[in-house]
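**Student:** File start_19.tsv below, TSV, C-alpha atoms:
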```
chain	number	residue	atom	x	y	z
A	10	MET	CA	-23.55	-6.58	-3.82
A	11	PRO	CA	-21.09	-3.65	-4.42
A	12	LEU	CA	-23.92	-1.21	-3.68
A	13	LEU	CA	-24.70	-2.97	-0.40
A	14	LEU	CA	-21.02	-2.86	0.63
A	15	SER	CA	-20.85	0.82	-0.23
A	16	VAL	CA	-23.92	1.58	1.87
A	17	LEU	CA	-22.58	-0.47	4.80
A	18	ARG	CA	-19.21	1.32	4.66
A	19	ARG	CA	-20.97	4.68	4.70
A	20	VAL	CA	-23.17	3.68	7.67
A	21	VAL	CA	-20.14	2.43	9.63
A	22	THR	CA	-18.13	5.57	8.82
A	23	MET	CA	-21.00	7.86	9.89
A	24	ALA	CA	-21.51	5.86	13.09
A	25	GLU	CA	-17.79	6.14	13.91
A	26	LEU	CA	-17.81	9.88	13.35
A	27	GLN	CA	-20.91	10.37	15.49
A	28	THR	CA	-19.47	8.40	18.41
A	29	ARG	CA	-16.31	10.49	18.59
A	30	SER	CA	-16.68	13.43	20.89
A	31	TYR	CA	-15.76	16.92	19.81
A	32	THR	CA	-13.73	19.05	22.18
A	33	SER	CA	-15.31	22.49	22.31
A	34	GLY	CA	-13.10	25.14	20.72
A	35	THR	CA	-10.93	22.75	18.68
A	36	ALA	CA	-12.23	24.30	15.47
A	37	SER	CA	-12.79	27.99	14.81
A	38	MET	CA	-14.54	30.30	12.38
A	39	ALA	CA	-12.52	33.19	11.05
A	40	PHE	CA	-13.92	36.16	9.18
A	41	VAL	CA	-12.05	38.23	6.60
A	42	THR	CA	-13.49	41.08	4.56
A	43	VAL	CA	-12.41	41.49	0.92
A	44	PRO	CA	-13.09	44.27	-1.62
A	45	ASN	CA	-14.47	42.12	-4.47
A	46	ILE	CA	-15.24	38.60	-5.69
A	47	GLU	CA	-11.96	38.22	-7.57
A	48	VAL	CA	-9.89	38.88	-4.43
A	49	GLY	CA	-12.27	36.72	-2.40
A	50	LYS	CA	-12.03	33.71	-4.72
A	51	LYS	CA	-8.25	33.96	-5.02
A	52	LEU	CA	-7.70	34.30	-1.28
A	53	ALA	CA	-10.25	31.57	-0.43
A	54	GLY	CA	-8.74	29.16	-2.95
A	55	ASP	CA	-5.21	29.76	-1.70
A	56	ILE	CA	-6.29	29.31	1.94
A	57	VAL	CA	-7.88	25.93	1.17
A	58	LYS	CA	-5.02	24.82	-1.13
A	59	ASN	CA	-2.53	25.59	1.64
A	60	LYS	CA	-4.55	23.48	4.12
A	61	LEU	CA	-5.15	26.50	6.35
A	62	ALA	CA	-8.90	25.79	6.27
A	63	ALA	CA	-11.30	23.07	5.26
A	64	CYS	CA	-13.86	25.43	3.73
A	65	VAL	CA	-14.32	29.09	2.93
A	66	ASN	CA	-17.75	30.58	2.23
A	67	ILE	CA	-17.89	33.85	0.31
A	68	ILE	CA	-20.74	36.00	1.59
A	69	PRO	CA	-21.61	38.78	-0.88
A	70	GLN	CA	-23.10	42.26	-0.57
A	71	VAL	CA	-21.93	43.51	2.81
A	72	THR	CA	-21.80	47.22	3.55
A	73	SER	CA	-19.00	48.16	5.93
A	74	ILE	CA	-18.97	51.46	7.77
A	75	TYR	CA	-15.77	52.26	9.63
A	76	GLU	CA	-13.31	54.99	10.55
A	77	TRP	CA	-10.08	55.16	8.56
A	78	GLU	CA	-7.56	58.00	8.66
A	79	ASP	CA	-9.93	60.16	10.76
A	80	LYS	CA	-12.80	59.84	8.27
A	81	ILE	CA	-15.95	57.76	8.30
A	82	GLN	CA	-15.86	55.39	5.32
A	83	GLU	CA	-18.54	53.27	3.68
A	84	ASP	CA	-17.59	50.44	1.33
A	85	SER	CA	-19.22	47.48	-0.34
A	86	GLU	CA	-17.35	44.31	0.62
A	87	LEU	CA	-17.67	40.54	0.86
A	88	ILE	CA	-16.99	38.37	3.90
A	89	LEU	CA	-14.98	35.17	3.85
A	90	MET	CA	-16.26	32.78	6.52
A	91	ILE	CA	-13.39	30.39	7.09
A	92	LYS	CA	-13.68	27.06	8.94
A	93	THR	CA	-10.37	25.90	10.37
A	94	LEU	CA	-8.69	24.57	13.49
A	95	THR	CA	-8.06	26.98	16.34
A	96	VAL	CA	-4.34	26.15	16.30
A	97	LYS	CA	-4.18	27.44	12.70
A	98	ILE	CA	-5.60	30.93	13.37
A	99	ASP	CA	-2.21	32.64	13.78
A	100	GLU	CA	-0.86	31.02	10.60
A	101	LEU	CA	-4.07	31.92	8.76
A	102	SER	CA	-3.81	35.53	9.95
A	103	GLU	CA	-0.22	35.78	8.75
A	104	PHE	CA	-1.16	34.30	5.36
A	105	VAL	CA	-4.01	36.79	4.96
A	106	ARG	CA	-1.78	39.75	5.92
A	107	LYS	CA	0.77	38.72	3.28
A	108	ASN	CA	-1.79	38.11	0.51
A	109	HIS	CA	-4.51	40.71	1.12
A	110	PRO	CA	-4.72	44.04	-0.74
A	111	TYR	CA	-5.72	46.06	2.37
A	112	ASP	CA	-3.10	47.77	4.55
A	113	VAL	CA	-4.89	46.40	7.61
A	114	ALA	CA	-6.73	43.19	6.75
A	115	GLU	CA	-9.56	42.16	9.01
A	116	VAL	CA	-9.01	38.71	10.47
A	117	ILE	CA	-11.16	37.90	13.47
A	118	SER	CA	-12.08	34.51	14.85
A	119	ALA	CA	-14.30	32.71	17.31
A	120	PRO	CA	-14.10	29.15	18.55
A	121	ILE	CA	-16.76	26.69	17.46
A	122	GLU	CA	-18.40	25.43	20.63
A	123	ASN	CA	-20.57	22.75	19.06
A	124	GLY	CA	-21.92	21.53	15.74
A	125	ASN	CA	-22.53	18.55	13.51
A	126	PRO	CA	-19.93	15.97	14.65
A	127	PRO	CA	-19.17	14.57	11.17
A	128	TYR	CA	-18.60	18.12	9.85
A	129	LEU	CA	-16.32	19.07	12.74
A	130	GLU	CA	-14.36	15.83	12.29
A	131	TRP	CA	-14.04	16.61	8.57
A	132	ILE	CA	-12.46	19.99	9.39
A	133	SER	CA	-9.90	18.18	11.57
A	134	LYS	CA	-9.10	15.72	8.80
A	135	VAL	CA	-8.69	18.33	6.06
A	136	VAL	CA	-6.66	21.01	7.84
A	137	THR	CA	-2.97	20.14	8.07
A	138	VAL	CA	-1.36	20.46	11.48
A	139	THR	CA	2.43	20.71	11.72
A	140	GLY	CA	4.57	19.08	14.39
A	141	ASN	CA	4.57	22.00	16.83
A	142	GLN	CA	0.81	22.44	16.59
A	143	LYS	CA	-1.65	20.13	18.33
A	144	LYS	CA	-5.25	19.49	17.31
```
Translate this structure into structure tokens?
**Tutor:**
Amino acid sequence: MPLLLSVLRRVVTMAELQTRSYTSGTASMAFVTVPNIEVGKKLAGDIVKNKLAACVNIIPQVTSIYEWEDKIQEDSELILMIKTLTVKIDELSEFVRKNHPYDVAEVISAPIENGNPPYLEWISKVVTVTGNQKK
């Protein structure tokens, strides 16, 4: 009987999540480059702990080619793919600037237009929104 109740609760919860409509652009993906896995794990963990994002993926082995101080540079980096709410992007950017080893940290974002409704709802539930911010 407990197993049946558990299954029924899960079915009802999934049905509720799927019937809610997602407003395009409510959630966003942000991308941040980091120099190594240690910095990436620390920054990702702190972002999630501070409820600035629901999830951070660490994408390894990226080669970045860019101009810095009038010279073309090439570095091996990692990318943090951060899933958050659009209203949190400014706060996320400020957090990254304060906690990132680069002089000019890359923080770019794009709104999420569509996706798996239960996943998008999960982002909204996990990320903390303060009084002056609206989901």
**Student:** So which one's closest to Lys60 of chain A, A:Leu101, A:Val41, A:Ile117, A:Ile88? Using all atoms listed in the file, please.
**Tutor:**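 Of the candidates, the smallest distance to Lys60 of chain A is held by A:Leu101.
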**Student:** Smallest atom-to-atom distance to Ala39 of chain A: which of A:Ser73, A:Asn59, A:Thr95, A:Ser118, using all atoms listed in the file?
**Tutor:** A:Ser118
**Student:** Which is closer to Asp55 of chain A than all the others in A:Trp77, A:Pro126, A:Asn108, A:Pro69, using all atoms listed in the file?
**Tutor:**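 For Asp55 of chain A, the nearest of the given residues is A:Asn108.
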**Student:** Can you list, as a ChimeraX atom specification, every protein, DNA or RNA residue that comes within 12 Å of segment 80-87 of chain A when you count all atoms listed in the file, leaving out same-chain residues fewer than 3 positions away?
**Tutor:** /A:40-50,52-53,66-77,90,111,115
**Student:** Check the smallest atom-to-atom distance from each of A:Ala63, A:Ile56, A:Val138, A:Met38 to His109 of chain A using only C-alpha atoms, then report the winner.
**Tutor:** A:Ile56
**Student:** Between atom CA of Lys134 of chain A and atom CA of Lys97 of chain A, what is the distance in Å, rounded to a tenth?
**Tutor:**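 Rounded to one decimal, the two atoms are 13.3 Å apart.
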**Student:** Using all atoms listed in the file, can you tell me which of A:Cys64, A:Arg106, A:Glu100, A:Ser37 comes closest to Ala119 of chain A?
**Tutor:**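 Of all the options, A:Ser37 lies closest to Ala119 of chain A.
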**Student:** Where's the centre, and what are the edge lengths in Å to one decimal, of a box along x, y and z enclosing all listed atoms of segment 126-140 of chain A padded 4 Å per side, as lines of an AutoDock Vina configuration file?
**Tutor:**
```
center_x = -7.7
center_y = 17.8
center_z = 10.4
size_x = 32.5
size_y = 14.4
size_z = 16.6
```
**Student:** Using all atoms listed in the file, which of the listed residues (A:Trp131, A:Ser30, A:Leu94, A:Val105) sits closest to Gly54 of chain A?
**Tutor:**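 Result for the nearest residue to Gly54 of chain A: A:Val105.
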**Student:** Report, in Å with one decimal, the straight-line distance from atom CA of Ala114 of chain A to atom CA of Tyr128 of chain A.
**Tutor:**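 Between atom CA of Ala114 of chain A and atom CA of Tyr128 of chain A the gap is 27.9 Å.
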**Student:** Between atom CA of Ala62 of chain A and atom CA of Glu130 of chain A, what is the distance, to one decimal in Å?
**Tutor:** 12.9 Å
